[in-house]
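Trainee: I am sharing upload.txt, which consists of compact mmCIF, C-alpha atoms:
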```txt
# COMPACT_ATOMS: atom_id res chain seq x y z
CA MET A 140 63.38 68.27 114.06
CA THR A 141 60.41 67.86 116.37
CA SER A 142 60.22 65.65 119.41
CA THR A 143 57.49 63.07 119.89
CA PRO A 144 54.50 65.06 121.21
CA ASP A 145 53.60 64.54 124.85
CA ALA A 146 50.14 65.26 126.16
CA ALA A 147 49.47 68.60 127.76
CA PRO A 148 46.41 70.73 128.48
CA ASP A 149 44.60 71.78 125.33
CA THR A 150 44.70 75.48 124.55
CA GLY A 151 43.56 75.78 120.98
CA GLY A 152 42.45 73.97 117.88
CA THR A 153 40.46 71.43 119.90
CA GLY A 154 36.95 70.10 119.92
CA GLY A 155 37.03 69.44 116.17
CA ALA A 156 37.75 73.06 115.28
CA PRO A 157 40.65 73.63 112.86
CA VAL A 158 43.93 75.00 114.17
CA ARG A 159 44.10 78.68 113.23
CA VAL A 160 47.58 79.72 112.06
CA LEU A 161 49.22 83.07 111.33
CA LEU A 162 52.20 82.90 108.95
CA VAL A 163 55.01 85.39 109.61
CA ASP A 164 57.97 85.51 107.22
CA ASP A 165 59.52 88.31 105.18
CA GLN A 166 59.69 86.05 102.11
CA ALA A 167 56.35 85.86 100.31
CA LEU A 168 57.28 82.69 98.44
CA LEU A 169 57.96 80.85 101.68
CA ARG A 170 54.64 82.00 103.11
CA MET A 171 52.93 80.70 99.98
CA GLY A 172 54.65 77.34 100.33
CA PHE A 173 53.71 77.01 104.00
CA ARG A 174 50.12 77.98 103.20
CA LEU A 175 49.81 75.28 100.54
CA VAL A 176 51.18 72.63 102.91
CA LEU A 177 48.97 73.65 105.82
CA GLU A 178 45.77 74.05 103.85
CA ASP A 179 46.28 70.53 102.50
CA ALA A 180 46.28 69.13 106.06
CA GLY A 181 42.53 69.44 106.43
CA ASP A 182 42.47 70.43 110.10
CA VAL A 183 44.60 73.59 109.79
CA VAL A 184 43.47 76.96 108.44
CA VAL A 185 45.75 79.92 107.66
CA VAL A 186 43.91 82.98 108.98
CA GLY A 187 46.50 85.58 107.99
CA GLU A 188 50.03 86.45 106.90
CA ALA A 189 52.58 89.05 107.94
CA GLY A 190 55.90 90.09 106.44
CA ASP A 191 57.51 91.38 109.64
CA GLY A 192 57.18 91.30 113.41
CA ALA A 193 55.32 94.60 113.70
CA GLU A 194 52.59 93.44 111.33
CA ALA A 195 52.51 90.09 113.14
CA LEU A 196 51.69 91.85 116.41
CA ARG A 197 48.78 93.67 114.79
CA GLN A 198 47.53 90.45 113.22
CA VAL A 199 47.76 88.50 116.49
CA GLU A 200 45.64 91.11 118.24
CA ALA A 201 43.07 91.20 115.44
CA LEU A 202 42.89 87.51 114.52
CA ARG A 203 43.86 85.70 117.74
CA PRO A 204 45.38 82.66 116.00
CA ASP A 205 46.08 79.45 117.89
CA VAL A 206 49.64 79.27 116.51
CA VAL A 207 51.98 81.89 115.08
CA LEU A 208 54.50 80.37 112.69
CA MET A 209 57.23 82.98 113.16
CA ASP A 210 60.42 83.59 111.18
CA VAL A 211 63.17 84.57 113.63
CA ARG A 212 65.28 86.78 111.34
CA MET A 213 63.31 89.65 109.81
CA PRO A 214 64.04 93.33 109.17
CA GLY A 215 62.56 95.80 111.64
CA THR A 216 60.82 93.96 114.47
CA ASN A 217 62.37 90.50 114.42
CA GLY A 218 60.88 87.24 115.62
CA ILE A 219 62.48 87.46 119.07
CA GLU A 220 61.03 90.86 119.88
CA ALA A 221 57.66 89.92 118.41
CA THR A 222 57.58 86.74 120.50
CA GLU A 223 58.43 88.65 123.68
CA ARG A 224 55.61 91.11 123.04
CA ILE A 225 53.07 88.40 122.22
CA VAL A 226 53.86 86.52 125.42
CA ALA A 227 53.94 89.71 127.52
CA SER A 228 50.52 90.71 126.20
CA GLY A 229 48.97 87.62 127.75
CA SER A 230 47.82 86.36 124.36
CA SER A 231 46.76 82.72 124.15
CA SER A 232 48.50 82.47 120.76
CA ARG A 233 51.53 80.19 120.87
CA VAL A 234 54.65 80.87 118.84
CA LEU A 235 56.49 78.27 116.77
CA ILE A 236 59.77 79.71 115.52
CA LEU A 237 61.06 79.04 112.00
CA THR A 238 64.80 78.97 111.49
CA THR A 239 67.26 78.00 108.78
CA PHE A 240 69.85 76.53 111.17
CA ASP A 241 69.12 74.11 114.02
CA LEU A 242 71.89 75.67 116.15
CA ASP A 243 70.69 79.22 115.55
CA GLU A 244 71.28 81.30 118.69
CA TYR A 245 68.54 83.67 117.56
CA ALA A 246 66.12 80.76 117.77
CA PHE A 247 67.34 79.92 121.29
CA ALA A 248 66.78 83.55 122.27
CA ALA A 249 63.22 83.21 121.00
CA LEU A 250 62.71 80.16 123.22
CA ARG A 251 63.87 82.19 126.20
CA ALA A 252 61.44 84.90 125.12
CA GLY A 253 58.53 82.48 125.38
CA ALA A 254 58.28 80.55 122.10
CA SER A 255 56.90 77.02 122.37
CA GLY A 256 59.59 75.53 120.16
CA PHE A 257 61.27 75.87 116.82
CA LEU A 258 61.34 74.13 113.50
CA LEU A 259 63.70 74.12 110.53
CA LYS A 260 62.37 75.81 107.40
CA ASP A 261 63.23 72.72 105.37
CA ALA A 262 61.19 70.42 107.63
CA ARG A 263 59.06 67.86 105.83
CA PRO A 264 55.38 68.79 105.39
CA ALA A 265 54.30 66.11 107.88
CA GLU A 266 56.75 67.52 110.48
CA LEU A 267 55.44 71.04 109.97
CA VAL A 268 51.80 70.03 110.35
CA GLY A 269 52.58 67.77 113.32
CA ALA A 270 54.50 70.54 115.08
CA ILE A 271 51.64 73.00 114.63
CA ARG A 272 49.12 70.48 115.96
CA SER A 273 51.35 69.79 118.99
CA VAL A 274 51.85 73.46 119.82
CA ALA A 275 48.12 74.17 119.42
CA ALA A 276 47.38 71.35 121.86
CA GLY A 277 49.63 72.92 124.48
CA ASP A 278 52.71 70.82 123.86
CA ALA A 279 56.18 72.08 123.01
CA VAL A 280 58.34 71.27 120.01
CA MET A 281 62.03 70.77 120.66
CA ALA A 282 64.19 67.81 119.71
CA PRO A 283 66.54 66.21 122.27
CA ARG A 284 69.65 67.44 120.42
CA VAL A 285 68.23 70.96 120.58
CA THR A 286 67.78 70.58 124.34
CA ARG A 287 71.39 69.44 124.65
CA ARG A 288 72.56 72.42 122.61
CA MET A 289 70.56 74.74 124.83
CA LEU A 290 72.30 73.25 127.87
CA GLU A 291 75.68 73.87 126.23
CA LEU A 292 74.79 77.50 125.57
CA PHE A 293 73.71 78.07 129.15
CA ALA A 294 76.85 76.33 130.41
CA GLN A 295 78.96 78.85 128.48
CA GLU A 296 77.38 81.64 130.50
CA LEU A 297 78.33 80.11 133.87
CA PRO A 298 81.59 81.12 135.66
CA ALA A 299 84.62 79.07 134.64
CA ASP A 300 86.66 79.52 137.84
CA ALA A 301 86.27 79.93 141.58
CA GLY A 302 87.06 83.63 141.43
CA ALA A 303 84.20 84.35 139.06
CA PRO A 304 80.79 85.61 140.22
CA ALA A 305 78.49 83.03 141.81
CA ALA A 306 76.27 80.90 139.61
CA PRO A 307 72.64 81.92 139.24
CA ARG A 308 70.55 81.48 142.39
CA GLU A 309 67.87 78.81 142.20
CA ASP A 310 64.47 80.15 141.21
CA PRO A 311 62.24 80.14 144.32
CA ARG A 312 59.45 78.48 142.34
CA LEU A 313 61.50 75.30 142.24
CA ALA A 314 61.11 74.99 146.01
CA ASP A 315 57.45 74.10 145.46
CA LEU A 316 58.35 70.97 143.52
CA THR A 317 58.40 67.59 145.21
CA HIS A 318 61.45 65.37 144.91
CA ARG A 319 59.72 63.28 142.25
CA GLU A 320 58.68 66.39 140.30
CA ARG A 321 62.29 67.57 140.30
CA GLU A 322 63.35 64.20 138.92
CA VAL A 323 60.75 64.48 136.17
CA LEU A 324 61.80 68.07 135.36
CA LEU A 325 65.46 67.05 135.10
CA ALA A 326 64.54 64.22 132.75
CA VAL A 327 62.42 66.56 130.62
CA ALA A 328 65.36 68.98 130.52
CA GLU A 329 67.42 66.19 128.95
CA GLY A 330 64.91 66.10 126.10
CA LEU A 331 63.15 62.89 127.15
CA SER A 332 59.56 62.27 126.09
CA ASN A 333 56.92 61.28 128.64
CA ALA A 334 57.34 57.63 127.63
CA GLU A 335 61.11 57.82 128.11
CA VAL A 336 60.74 59.58 131.48
CA ALA A 337 58.31 56.85 132.56
CA GLU A 338 60.79 54.13 131.60
CA ARG A 339 63.68 55.83 133.43
CA LEU A 340 61.76 56.52 136.64
CA PHE A 341 59.73 53.29 136.63
CA LEU A 342 56.43 55.13 136.42
CA SER A 343 53.41 54.83 134.17
CA GLU A 344 53.20 57.30 131.30
CA ALA A 345 49.91 58.62 132.74
CA THR A 346 51.67 59.38 136.04
CA VAL A 347 54.44 61.25 134.22
CA LYS A 348 51.84 63.33 132.37
CA THR A 349 50.26 64.21 135.71
CA HIS A 350 53.64 65.21 137.13
CA VAL A 351 54.42 67.35 134.08
CA GLY A 352 51.08 69.13 134.40
CA ARG A 353 51.73 69.86 138.08
CA ILE A 354 55.25 71.09 137.32
CA LEU A 355 53.96 73.56 134.73
CA ALA A 356 51.28 74.79 137.14
CA LYS A 357 53.69 75.22 140.06
CA LEU A 358 56.30 76.99 137.94
CA GLY A 359 53.68 79.16 136.25
CA VAL A 360 55.03 78.44 132.77
CA ARG A 361 53.18 77.87 129.50
CA ASP A 362 54.79 74.63 128.36
CA ARG A 363 57.69 72.20 128.62
CA VAL A 364 60.12 74.45 126.78
CA GLN A 365 59.65 77.25 129.30
CA ALA A 366 60.04 74.78 132.19
CA VAL A 367 63.34 73.64 130.66
CA VAL A 368 64.51 77.24 130.18
CA LEU A 369 63.74 77.98 133.85
CA ALA A 370 65.64 74.86 134.93
CA PHE A 371 68.68 75.91 132.91
CA GLU A 372 68.63 79.56 134.00
CA SER A 373 68.26 78.68 137.69
CA GLY A 374 71.19 76.27 137.61
CA LEU A 375 69.08 73.21 138.44
CA VAL A 376 70.41 71.45 135.33
CA GLY A 377 74.11 70.65 135.22
CA ARG A 378 74.71 70.25 138.94
```
In structure tokens, what does this structure look like?
Mentor:
Amino acid sequence: MTSTPDAAPDTGGTGGAPVRVLLVDDQALLRMGFRLVLEDAGDVVVVGEAGDGAEALRQVEALRPDVVLMDVRMPGTNGIEATERIVASGSSSRVLILTTFDLDEYAFAALRAGASGFLLKDARPAELVGAIRSVAAGDAVMAPRVTRRMLELFAQELPADAGAPAAPREDPRLADLTHREREVLLAVAEGLSNAEVAERLFLSEATVKTHVGRILAKLGVRDRVQAVVLAFESGLVGR
């Protein structure tokens, strides 16, 4: 379910320190299973658990985990609301959403709220650990088919005829991007990895990584997923 990780600025779990994870799911047995998988990885430590979004918010403030593994559908404060509040608080903790269905619109709402990606609950142990490592390192986790599905969902929200309201106005932050940076952003929005973007645009992978870093800085977003969301919402993608 995850894409091949692309390099991005480190934000947690670096320098040899283990990645600190908070597990959030209303099913205790699932939390136990995730804990066993993660603690077997060697470089990941589970610092806490929560059974709902409200408890997750308290735990994030108290424990400051690198990654919050967040169930999206929970009673009370769900994963979407909890993600919004974590991001709005300015916390450095990154959210990786757990979902049962890969075309779950709740999960897409969580991405728009600021999550760094999402993963299926039946993902293989290696995928789960790899996704957590990627998110802790500042990368985003979203497969190309998920990106395409996101584009389809945004397309459904656009006017279908000339008499409908105008399409969303381009975000002014996009004006700061160079022509090459726009090309890179469009390619990223298609779900391409840095290596694939480099091949398409005849650039070195190191140059693409530099462009991606500059794009994130200019747009003021946390990671690739949020850059893609901005590109969709502003109408840059699909023209």
Trainee: Around the point (49.9, 71.9, 108.6), in the coordinates given by the file, pick out the residues reaching within 12 Å, counting all atoms listed in the file, and return them as a PyMOL selection string.
Mentor: chain A and resi 157-162+172-185+206+208+262-275
Trainee: Name the closest residue to Ala252 in chain A among the candidates A:Val327, A:Val280, A:Val336, A:Gln365; distances are taken between atoms, counting only C-alpha atoms.
Mentor: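 That would be A:Gln365, the residue with the smallest distance to Ala252 in chain A.
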Trainee: So what do you get for CA of His318 in chain A versus CA of Gly253 in chain A, distance-wise?
Mentor: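 Atom-to-atom, CA of His318 in chain A and CA of Gly253 in chain A are spaced 26.1 Å apart.
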Trainee: Quick check, in Å to one decimal: how far apart do CA of Gly374 in chain A and CA of Gly229 in chain A lie?
Mentor: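 It comes out at 26.8 Å.
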Trainee: Identify, on the basis of all atoms listed in the file, every residue whose closest approach to Gly190 in chain A does not exceed 12 Å; exclude the query and any residue fewer than 3 positions from it along the same chain; express the result as a list in words.
Mentor: Leu161, Leu162, Val163, Asp164, Asp165, Gln166, Ala167, Leu168, Leu169, Arg170, Met171, Gly187, Ala193, Glu194, Ala195, Leu196, Arg197, Gln198, Leu208, Met209, Asp210, Val211, Arg212, Met213, Pro214, Gly215, Thr216, Asn217 and Gly218 of chain A
Trainee: Would you save the residues of that selection, restricted to C-alpha atoms, as an mmCIF file, in the frame of the given file?
Mentor:
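Okay, selection_27.cif is ready:
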```
data_model
loop_
_atom_site.group_PDB
_atom_site.id
_atom_site.type_symbol
_atom_site.label_atom_id
_atom_site.label_comp_id
_atom_site.auth_asym_id
_atom_site.auth_seq_id
_atom_site.Cartn_x
_atom_site.Cartn_y
_atom_site.Cartn_z
ATOM 1 C CA LEU A 161 49.220 83.070 111.330
ATOM 2 C CA LEU A 162 52.200 82.900 108.950
ATOM 3 C CA VAL A 163 55.010 85.390 109.610
ATOM 4 C CA ASP A 164 57.970 85.510 107.220
ATOM 5 C CA ASP A 165 59.520 88.310 105.180
ATOM 6 C CA GLN A 166 59.690 86.050 102.110
ATOM 7 C CA ALA A 167 56.350 85.860 100.310
ATOM 8 C CA LEU A 168 57.280 82.690 98.440
ATOM 9 C CA LEU A 169 57.960 80.850 101.680
ATOM 10 C CA ARG A 170 54.640 82.000 103.110
ATOM 11 C CA MET A 171 52.930 80.700 99.980
ATOM 12 C CA GLY A 187 46.500 85.580 107.990
ATOM 13 C CA ALA A 193 55.320 94.600 113.700
ATOM 14 C CA GLU A 194 52.590 93.440 111.330
ATOM 15 C CA ALA A 195 52.510 90.090 113.140
ATOM 16 C CA LEU A 196 51.690 91.850 116.410
ATOM 17 C CA ARG A 197 48.780 93.670 114.790
ATOM 18 C CA GLN A 198 47.530 90.450 113.220
ATOM 19 C CA LEU A 208 54.500 80.370 112.690
ATOM 20 C CA MET A 209 57.230 82.980 113.160
ATOM 21 C CA ASP A 210 60.420 83.590 111.180
ATOM 22 C CA VAL A 211 63.170 84.570 113.630
ATOM 23 C CA ARG A 212 65.280 86.780 111.340
ATOM 24 C CA MET A 213 63.310 89.650 109.810
ATOM 25 C CA PRO A 214 64.040 93.330 109.170
ATOM 26 C CA GLY A 215 62.560 95.800 111.640
ATOM 27 C CA THR A 216 60.820 93.960 114.470
ATOM 28 C CA ASN A 217 62.370 90.500 114.420
ATOM 29 C CA GLY A 218 60.880 87.240 115.620
#
```
Trainee: Expressed in Å to a single decimal, how great is the separation between CA of Ser232 in chain A and CA of Arg321 in chain A?
Mentor: 28.2 Å
Trainee: Determine the nearest neighbour of Arg319 in chain A from the options A:Ala345, A:Leu340, A:Val199, A:Leu250, counting all atoms listed in the file.
Mentor: A:Leu340
Trainee: A:Val226, A:Val234, A:Ala189, A:Ala326: which is nearest Ala370 in chain A, counting only C-alpha atoms?
Mentor: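 Between A:Val226, A:Val234, A:Ala189, A:Ala326, the residue approaching Ala370 in chain A most closely is A:Ala326.
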Trainee: Around the point (53.0, 74.5, 136.5), in the coordinates given by the file, pick out the residues reaching within 12 Å, counting only C-alpha atoms, and return them as a tab-separated table (two decimals) with C-alpha atoms, in the frame of the given file.
Mentor:
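Printed below is result-v2.tsv as written:
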```tsv
chain	number	residue	atom	x	y	z
A	147	ALA	CA	49.47	68.60	127.76
A	148	PRO	CA	46.41	70.73	128.48
A	312	ARG	CA	59.45	78.48	142.34
A	313	LEU	CA	61.50	75.30	142.24
A	315	ASP	CA	57.45	74.10	145.46
A	316	LEU	CA	58.35	70.97	143.52
A	320	GLU	CA	58.68	66.39	140.30
A	324	LEU	CA	61.80	68.07	135.36
A	348	LYS	CA	51.84	63.33	132.37
A	349	THR	CA	50.26	64.21	135.71
A	350	HIS	CA	53.64	65.21	137.13
A	351	VAL	CA	54.42	67.35	134.08
A	352	GLY	CA	51.08	69.13	134.40
A	353	ARG	CA	51.73	69.86	138.08
A	354	ILE	CA	55.25	71.09	137.32
A	355	LEU	CA	53.96	73.56	134.73
A	356	ALA	CA	51.28	74.79	137.14
A	357	LYS	CA	53.69	75.22	140.06
A	358	LEU	CA	56.30	76.99	137.94
A	359	GLY	CA	53.68	79.16	136.25
A	360	VAL	CA	55.03	78.44	132.77
A	361	ARG	CA	53.18	77.87	129.50
A	362	ASP	CA	54.79	74.63	128.36
A	363	ARG	CA	57.69	72.20	128.62
A	365	GLN	CA	59.65	77.25	129.30
A	366	ALA	CA	60.04	74.78	132.19
A	367	VAL	CA	63.34	73.64	130.66
A	369	LEU	CA	63.74	77.98	133.85
```
Trainee: Using all atoms listed in the file, which of the listed residues (A:Ala334, A:Val323, A:Leu235, A:Ala246) sits closest to Ile219 in chain A?
Mentor: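 Smallest distance to Ile219 in chain A is found for A:Ala246.
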